[in-house]
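model-v2.cif (mmCIF, C-alpha atoms)
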```cif
data_target
loop_
_atom_site.label_atom_id
_atom_site.label_comp_id
_atom_site.auth_asym_id
_atom_site.auth_seq_id
_atom_site.Cartn_x
_atom_site.Cartn_y
_atom_site.Cartn_z
CA GLY Q 1 1.57 -38.62 -11.98
CA VAL Q 2 4.39 -36.11 -11.79
CA ASP Q 3 3.40 -32.44 -11.65
CA LEU Q 4 5.45 -31.47 -14.68
CA ALA Q 5 4.96 -27.73 -14.18
CA ALA Q 6 6.46 -27.99 -10.68
CA CYS Q 7 9.48 -30.12 -11.59
CA PRO Q 8 12.31 -27.88 -12.91
CA ILE Q 9 14.81 -30.70 -13.26
CA MET Q 10 12.48 -32.42 -15.73
CA HIS Q 11 12.17 -29.14 -17.62
CA LYS Q 12 15.93 -29.01 -18.04
CA GLU Q 13 16.17 -32.61 -19.17
CA MET Q 14 13.42 -32.05 -21.75
CA HIS Q 15 15.06 -28.76 -22.76
CA TRP Q 16 18.27 -30.50 -23.81
CA GLU Q 17 16.49 -33.47 -25.35
CA TYR Q 18 14.40 -31.22 -27.58
CA ARG Q 19 17.38 -28.95 -28.31
CA SER Q 20 19.21 -32.04 -29.54
CA LEU Q 21 16.34 -33.39 -31.64
CA SER Q 22 14.15 -30.65 -33.04
CA ARG Q 23 14.37 -27.17 -31.49
CA GLY Q 24 16.65 -24.23 -30.78
CA GLY Q 25 18.32 -23.72 -34.16
CA GLU Q 26 21.11 -26.28 -33.79
CA SER Q 27 19.08 -29.49 -33.46
CA LEU Q 28 19.43 -32.58 -35.61
CA PHE Q 29 16.29 -32.02 -37.66
CA GLU Q 30 16.94 -28.29 -38.11
CA LYS Q 31 20.46 -28.95 -39.37
CA LEU Q 32 19.16 -31.51 -41.85
CA GLU Q 33 16.49 -29.12 -43.08
CA ALA Q 34 19.11 -26.35 -43.41
CA ALA Q 35 21.16 -28.76 -45.52
CA LYS Q 36 18.14 -29.07 -47.85
CA VAL Q 37 17.38 -32.67 -46.89
CA ASP Q 38 13.85 -33.22 -48.13
CA ASN Q 39 11.62 -34.31 -45.21
CA PRO Q 40 14.30 -35.73 -42.86
CA HIS Q 41 11.56 -37.41 -40.83
CA ARG Q 42 11.47 -40.02 -43.61
CA TYR Q 43 15.00 -41.05 -42.69
CA ILE Q 44 15.14 -40.56 -38.91
CA HIS Q 45 12.27 -41.50 -36.67
CA PHE Q 46 12.07 -41.31 -32.89
CA ALA Q 47 9.78 -43.76 -31.16
CA ALA Q 48 9.24 -44.76 -27.54
CA LEU Q 49 7.88 -47.88 -25.87
CA ARG Q 50 4.74 -48.10 -23.74
CA ASN Q 51 2.85 -50.92 -22.07
CA TRP Q 52 -0.40 -51.37 -20.16
CA ALA Q 53 -1.89 -53.78 -17.64
CA GLU Q 54 -4.75 -54.11 -15.19
CA LEU Q 55 -3.98 -53.39 -11.54
CA ALA Q 56 -6.76 -54.37 -9.13
CA GLY Q 57 -9.20 -54.09 -12.02
CA GLN Q 58 -7.96 -50.64 -13.06
CA PRO Q 59 -6.23 -50.18 -16.46
CA VAL Q 60 -2.82 -48.55 -15.96
CA THR Q 61 0.00 -47.59 -18.31
CA GLU Q 62 3.67 -46.62 -18.16
CA GLN Q 63 6.40 -45.93 -20.65
CA VAL Q 64 8.92 -48.76 -20.93
CA TYR Q 65 12.37 -47.46 -20.05
CA VAL Q 66 15.21 -49.61 -21.40
CA HIS Q 67 18.53 -48.34 -20.10
CA SER Q 68 20.81 -50.56 -22.18
CA LYS Q 69 21.70 -49.36 -25.67
CA LEU Q 70 21.52 -51.33 -28.89
CA MET Q 71 22.55 -50.35 -32.40
CA VAL Q 72 22.23 -52.65 -35.41
CA VAL Q 73 23.88 -51.35 -38.57
CA ASP Q 74 22.89 -52.77 -41.96
CA ASP Q 75 22.05 -56.12 -40.33
CA ARG Q 76 25.77 -56.85 -40.17
CA VAL Q 77 27.19 -55.02 -37.15
CA THR Q 78 25.69 -54.92 -33.65
CA ILE Q 79 26.76 -52.77 -30.69
CA ILE Q 80 25.31 -53.59 -27.26
CA GLY Q 81 26.37 -51.56 -24.25
CA SER Q 82 25.81 -48.76 -21.79
CA ALA Q 83 27.06 -45.65 -23.63
CA ASN Q 84 24.80 -42.81 -24.70
CA ILE Q 85 25.48 -40.73 -27.80
CA ASN Q 86 26.58 -37.70 -25.79
CA ASP Q 87 29.70 -36.10 -24.34
CA ARG Q 88 29.32 -37.83 -20.98
CA SER Q 89 29.77 -41.20 -22.64
CA MET Q 90 31.90 -40.39 -25.66
CA LEU Q 91 34.63 -38.01 -24.44
CA GLY Q 92 36.34 -40.81 -22.55
CA GLU Q 93 37.03 -38.70 -19.45
CA ARG Q 94 33.72 -38.79 -17.60
CA ASP Q 95 31.25 -41.69 -17.30
CA SER Q 96 32.60 -45.24 -17.40
CA GLU Q 97 30.99 -47.33 -20.12
CA ILE Q 98 31.20 -50.85 -21.48
CA ALA Q 99 30.06 -52.31 -24.78
CA CYS Q 100 30.57 -55.24 -27.10
CA VAL Q 101 30.65 -55.13 -30.88
CA ILE Q 102 29.56 -58.16 -32.89
CA THR Q 103 30.53 -58.05 -36.55
CA ASP Q 104 29.03 -60.61 -38.91
CA ASN Q 105 31.60 -61.55 -41.54
CA VAL Q 106 29.22 -62.67 -44.27
CA GLU Q 107 31.99 -63.86 -46.56
CA GLU Q 108 33.66 -66.16 -44.01
CA ASN Q 109 30.81 -67.14 -41.71
CA GLY Q 110 27.91 -67.29 -44.12
CA TYR Q 111 24.88 -65.06 -44.41
CA ILE Q 112 21.10 -64.90 -44.51
CA LEU Q 113 19.74 -63.87 -47.88
CA SER Q 114 17.46 -60.93 -47.15
CA THR Q 115 16.28 -57.80 -48.94
CA LEU Q 116 17.23 -54.16 -48.46
CA ASP Q 117 15.15 -51.51 -50.19
CA GLY Q 118 13.74 -54.19 -52.47
CA GLU Q 119 17.13 -55.55 -53.52
CA PRO Q 120 18.73 -58.89 -52.55
CA TYR Q 121 21.04 -58.43 -49.57
CA LYS Q 122 23.47 -60.62 -47.64
CA ALA Q 123 22.62 -60.04 -43.99
CA GLY Q 124 24.70 -61.23 -41.06
CA ARG Q 125 23.25 -64.16 -39.16
CA PHE Q 126 23.46 -62.67 -35.66
CA SER Q 127 22.66 -59.02 -36.42
CA HIS Q 128 19.79 -59.83 -38.75
CA SER Q 129 18.17 -62.32 -36.39
CA LEU Q 130 18.51 -60.04 -33.37
CA ARG Q 131 17.17 -56.98 -35.18
CA LYS Q 132 14.19 -58.94 -36.54
CA ARG Q 133 13.28 -60.22 -33.08
CA VAL Q 134 13.56 -56.76 -31.48
CA PHE Q 135 11.41 -55.22 -34.21
CA ALA Q 136 8.84 -57.98 -33.93
CA GLN Q 137 8.68 -57.47 -30.17
CA HIS Q 138 8.22 -53.70 -30.49
CA LEU Q 139 5.59 -54.17 -33.20
CA GLY Q 140 3.79 -57.02 -31.44
CA THR Q 141 4.28 -59.43 -34.33
CA LEU Q 142 6.30 -62.21 -32.66
CA ALA Q 143 3.38 -64.60 -33.16
CA ASP Q 144 2.46 -63.27 -36.61
CA PRO Q 145 4.95 -64.39 -39.29
CA SER Q 146 2.85 -62.70 -41.97
CA VAL Q 147 4.32 -59.32 -40.99
CA ASP Q 148 7.64 -58.99 -42.82
CA VAL Q 149 10.28 -57.18 -40.75
CA CYS Q 150 13.16 -58.05 -43.08
CA ASP Q 151 13.21 -55.05 -45.41
CA ILE Q 152 12.87 -52.12 -43.05
CA VAL Q 153 14.25 -49.61 -45.57
CA CYS Q 154 11.37 -49.80 -48.03
CA ASP Q 155 8.55 -47.24 -47.84
CA ASP Q 156 5.91 -49.93 -47.48
CA PHE Q 157 7.36 -51.17 -44.19
CA PHE Q 158 7.97 -47.68 -42.81
CA ASP Q 159 4.52 -46.34 -43.70
CA ASN Q 160 2.27 -49.37 -43.37
CA VAL Q 161 3.92 -51.27 -40.53
CA TRP Q 162 6.19 -49.08 -38.41
CA LEU Q 163 4.39 -45.72 -38.55
CA ARG Q 164 0.91 -47.20 -38.64
CA THR Q 165 1.58 -49.31 -35.55
CA ALA Q 166 3.17 -46.41 -33.66
CA ARG Q 167 0.33 -44.02 -34.54
CA THR Q 168 -2.43 -46.53 -33.75
CA ASN Q 169 -0.87 -47.39 -30.40
CA THR Q 170 -0.31 -43.73 -29.55
CA GLN Q 171 -3.91 -42.80 -30.36
CA ALA Q 172 -5.29 -45.69 -28.31
CA TYR Q 173 -3.23 -44.73 -25.27
CA GLU Q 174 -4.23 -41.08 -25.58
CA ASP Q 175 -7.91 -41.96 -25.91
CA VAL Q 176 -7.88 -44.36 -22.96
CA PHE Q 177 -5.44 -42.65 -20.55
CA ARG Q 178 -5.02 -39.05 -21.85
CA CYS Q 179 -1.26 -39.65 -21.72
CA ILE Q 180 1.24 -36.88 -21.14
CA PRO Q 181 3.43 -35.90 -22.95
CA ASN Q 182 1.63 -35.66 -26.28
CA ASN Q 183 1.64 -33.52 -29.42
CA HIS Q 184 -1.64 -31.77 -28.53
CA ILE Q 185 -0.07 -29.72 -25.73
CA HIS Q 186 2.13 -26.83 -26.83
CA SER Q 187 2.14 -24.54 -23.77
CA TRP Q 188 1.79 -24.55 -19.99
CA LYS Q 189 -1.70 -23.12 -20.39
CA GLU Q 190 -2.74 -25.98 -22.66
CA LEU Q 191 -1.21 -28.45 -20.21
CA ALA Q 192 -3.25 -27.01 -17.35
CA GLU Q 193 -6.44 -27.22 -19.43
CA TRP Q 194 -5.62 -30.81 -20.42
CA ARG Q 195 -5.11 -31.86 -16.79
CA LYS Q 196 -8.52 -30.50 -15.83
CA GLU Q 197 -10.09 -33.27 -17.93
CA ASP Q 198 -7.99 -36.15 -16.51
CA ALA Q 199 -11.01 -37.64 -14.77
CA SER Q 200 -12.83 -37.94 -18.11
CA ALA Q 201 -10.31 -40.47 -19.43
CA LEU Q 202 -11.91 -43.70 -20.60
CA CYS Q 203 -9.84 -45.70 -18.09
CA PHE Q 204 -11.84 -44.01 -15.31
CA THR Q 205 -15.25 -43.58 -16.91
CA ASP Q 206 -15.63 -47.04 -18.45
CA ARG Q 207 -12.98 -49.57 -17.45
CA GLN Q 208 -14.43 -52.38 -19.54
CA ALA Q 209 -14.54 -50.26 -22.69
CA ALA Q 210 -10.99 -49.07 -21.96
CA VAL Q 211 -9.65 -52.63 -21.73
CA GLU Q 212 -11.53 -53.66 -24.86
CA ARG Q 213 -10.06 -50.71 -26.78
CA LEU Q 214 -6.53 -51.51 -25.62
CA LYS Q 215 -6.85 -55.19 -26.50
CA LYS Q 216 -8.26 -54.32 -29.93
CA ASP Q 217 -5.89 -51.57 -31.01
CA VAL Q 218 -2.60 -51.80 -29.11
CA CYS Q 219 -0.05 -54.04 -30.80
CA GLY Q 220 3.39 -54.32 -29.27
CA HIS Q 221 4.91 -51.38 -27.44
CA LEU Q 222 5.73 -48.81 -30.11
CA VAL Q 223 4.50 -45.21 -29.68
CA ILE Q 224 5.36 -41.83 -31.19
CA VAL Q 225 7.78 -39.48 -29.42
CA PRO Q 226 5.86 -36.16 -29.13
CA LEU Q 227 8.33 -33.68 -30.65
CA ASP Q 228 5.75 -30.85 -30.45
CA PHE Q 229 5.14 -31.13 -26.69
CA LEU Q 230 5.44 -27.71 -24.99
CA GLU Q 231 7.10 -26.32 -28.12
CA GLN Q 232 5.90 -22.79 -27.29
CA GLU Q 233 7.66 -22.77 -23.92
CA TYR Q 234 11.24 -22.27 -22.79
CA LEU Q 235 12.09 -25.33 -20.74
CA GLY Q 236 15.59 -24.39 -19.67
CA PRO Q 237 16.33 -23.20 -16.11
CA THR Q 238 15.73 -19.61 -15.14
CA ALA Q 239 18.07 -17.46 -13.04
CA GLY Q 240 17.51 -18.07 -9.35
CA ALA Q 241 16.34 -21.64 -9.69
CA ALA Q 242 18.61 -24.29 -8.17
CA GLU Q 243 18.76 -26.09 -11.53
CA TYR Q 244 20.22 -22.93 -13.08
CA TYR Q 245 23.49 -23.64 -11.25
CA VAL Q 246 23.78 -27.27 -12.35
CA PRO Q 247 26.57 -27.39 -14.97
CA THR Q 248 25.19 -27.80 -18.47
CA LYS Q 249 27.69 -30.57 -19.18
CA THR Q 250 25.79 -32.71 -16.67
CA PHE Q 251 23.06 -33.09 -19.27
CA LEU Q 252 25.18 -33.34 -22.43
#
```
Starting from the coordinates I provided, produce the structure as structure tokens.
Amino acid sequence: GVDLAACPIMHKEMHWEYRSLSRGGESLFEKLEAAKVDNPHRYIHFAALRNWAELAGQPVTEQVYVHSKLMVVDDRVTIIGSANINDRSMLGERDSEIACVITDNVEENGYILSTLDGEPYKAGRFSHSLRKRVFAQHLGTLADPSVDVCDIVCDDFFDNVWLRTARTNTQAYEDVFRCIPNNHIHSWKELAEWRKEDASALCFTDRQAAVERLKKDVCGHLVIVPLDFLEQEYLGPTAGAAEYYVPTKTFL
């Protein structure tokens, strides 16, 4: 894999990602906490996608990187396009972007009777169906209609379906592959110690047991984004490094 400690450009990318999400004093979660929002992680959750396969008899894994962007709002409005939520995409004077907006008019075009936070809700036909299929794919429940992905606002879905699946998948991948990044590594020193044990990963020591564990526990592609990874380190560029002279707006 990539030698993270020797890749300054990745440091800078992670620096701005974490500064946006959870660190540095001006991040999303810090602003919500400063505004006295009780446990903002109950309302905003960052997940990633990961998959695995066997290559010449060896279990392998990679994160799934989807470059297109999708937003479904209240199961009534869908935006599909290329724009990121950053200055490069949104200022209108830098990157070129394209997107389409599909609005379900439930009064004129009919609706699907669904539930939202336990209450009856008129969902748009297109947005609701698309969002359900995407969620089922991420959760690995396309072939299991018993898992209800209609009411995603209720605590039962968030705790017992979404979070449980993401945590179970994440733990299985860490146990089998010792994946990096993860929330166990908070410093460069801890990263170096972690890498020393790479050869002890189950995928190398017992391939059959590794495949059995993955087949048993991994469902879909959902995994946790490790917001605590290298939290004790400054990941921005240092004076003298080539990345120090790359304009900050390149990353924002």
From the set Q:His138, Q:Arg19, Q:Arg167, Q:Arg76, which residue has the shortest atom-to-atom contact distance to Q:Arg125, counting all atoms listed in the file?
->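 Smallest distance to Q:Arg125 is found for Q:Arg76.
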Would you translate the PyMOL selection byres ((chain Q and resi 140) around 10) into the concrete set of residues it matches in this file, as a PyMOL selection string?
-> chain Q and resi 134-139+141-144+147+165+218-222
Exactly which residues make up the result of the PyMOL selection byres ((chain Q and resi 97) around 6) on this file, given as a PyMOL selection string?
-> chain Q and resi 82-83+96+98
Do you know which residues are at most 9 Å from stretch 241-247 of chain Q counting all atoms listed in the file, after dropping those on the same chain fewer than 6 positions away, and could you put them as a ChimeraX atom specification?
-> /Q:8-9,12
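Proximity to Q:Phe46 was assessed for Q:Ile85, Q:Leu113, Q:Val223, Q:His128 counting only C-alpha atoms; the smallest distance is recorded for Q:Val223.
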Tell me which of Q:Leu130, Q:Ile112, Q:Asp117, Q:Ala47 sits closest to Q:Val77, counting only C-alpha atoms.
-> Q:Leu130
Do you know which residues lie at most 7 Å from (22.1, -58.2, -31.4), with coordinates as in the file and only C-alpha atoms counted, and could you write them as number ranges by chain?
-> Q: 72, 78, 80, 126-127, 130-131
Distance atom CA of Q:Gly124-atom CA of Q:Asn86, one decimal place?
->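 Between atom CA of Q:Gly124 and atom CA of Q:Asn86 the gap works out to 28.1 Å.
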Ground truth for the PyMOL selection byres ((chain Q and resi 155) around 12), written as number ranges by chain | Q: 42-43, 116-118, 151-154, 156-164
Which polymer residues have any atom within 12 Å of an atom of stretch 51-54 of chain Q, counting all atoms listed in the file, with same-chain residues fewer than 3 positions away left out, as a ChimeraX atom specification?
-> /Q:48,57-65,137-140,169-170,172-173,176-177,179,203,207-208,210-215,218-223
Neighbours of point (30.5, -32.6, -21.9) within 9 Å, using all atoms listed in the file, written as a ChimeraX atom specification | /Q:86-91,94,248-252
Could you jot down the atom CA of Q:Pro145 to atom CA of Q:Arg50 separation for me, Å, one decimal place?
-> 22.5 Å
When distances are computed from only C-alpha atoms, which of Q:Ile185, Q:Asp75, Q:Arg23, Q:Gly110 shows the smallest separation from Q:Lys132?
-> Q:Asp75
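Interatomic distance, atom CA of Q:Trp194 to atom CA of Q:Leu230: 12.4 Å.
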Residue nearest Q:Phe29 - candidates Q:Glu93, Q:Thr168, Q:Glu174, Q:Ile44, atoms counted: all atoms listed in the file | Q:Ile44
Return the single residue from Q:Ser129, Q:Asn84, Q:Ala166, Q:Gly92 that is closest to Q:Val225, with distances computed using all atoms listed in the file.
->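 The answer is Q:Ala166, which sits nearest to Q:Val225.
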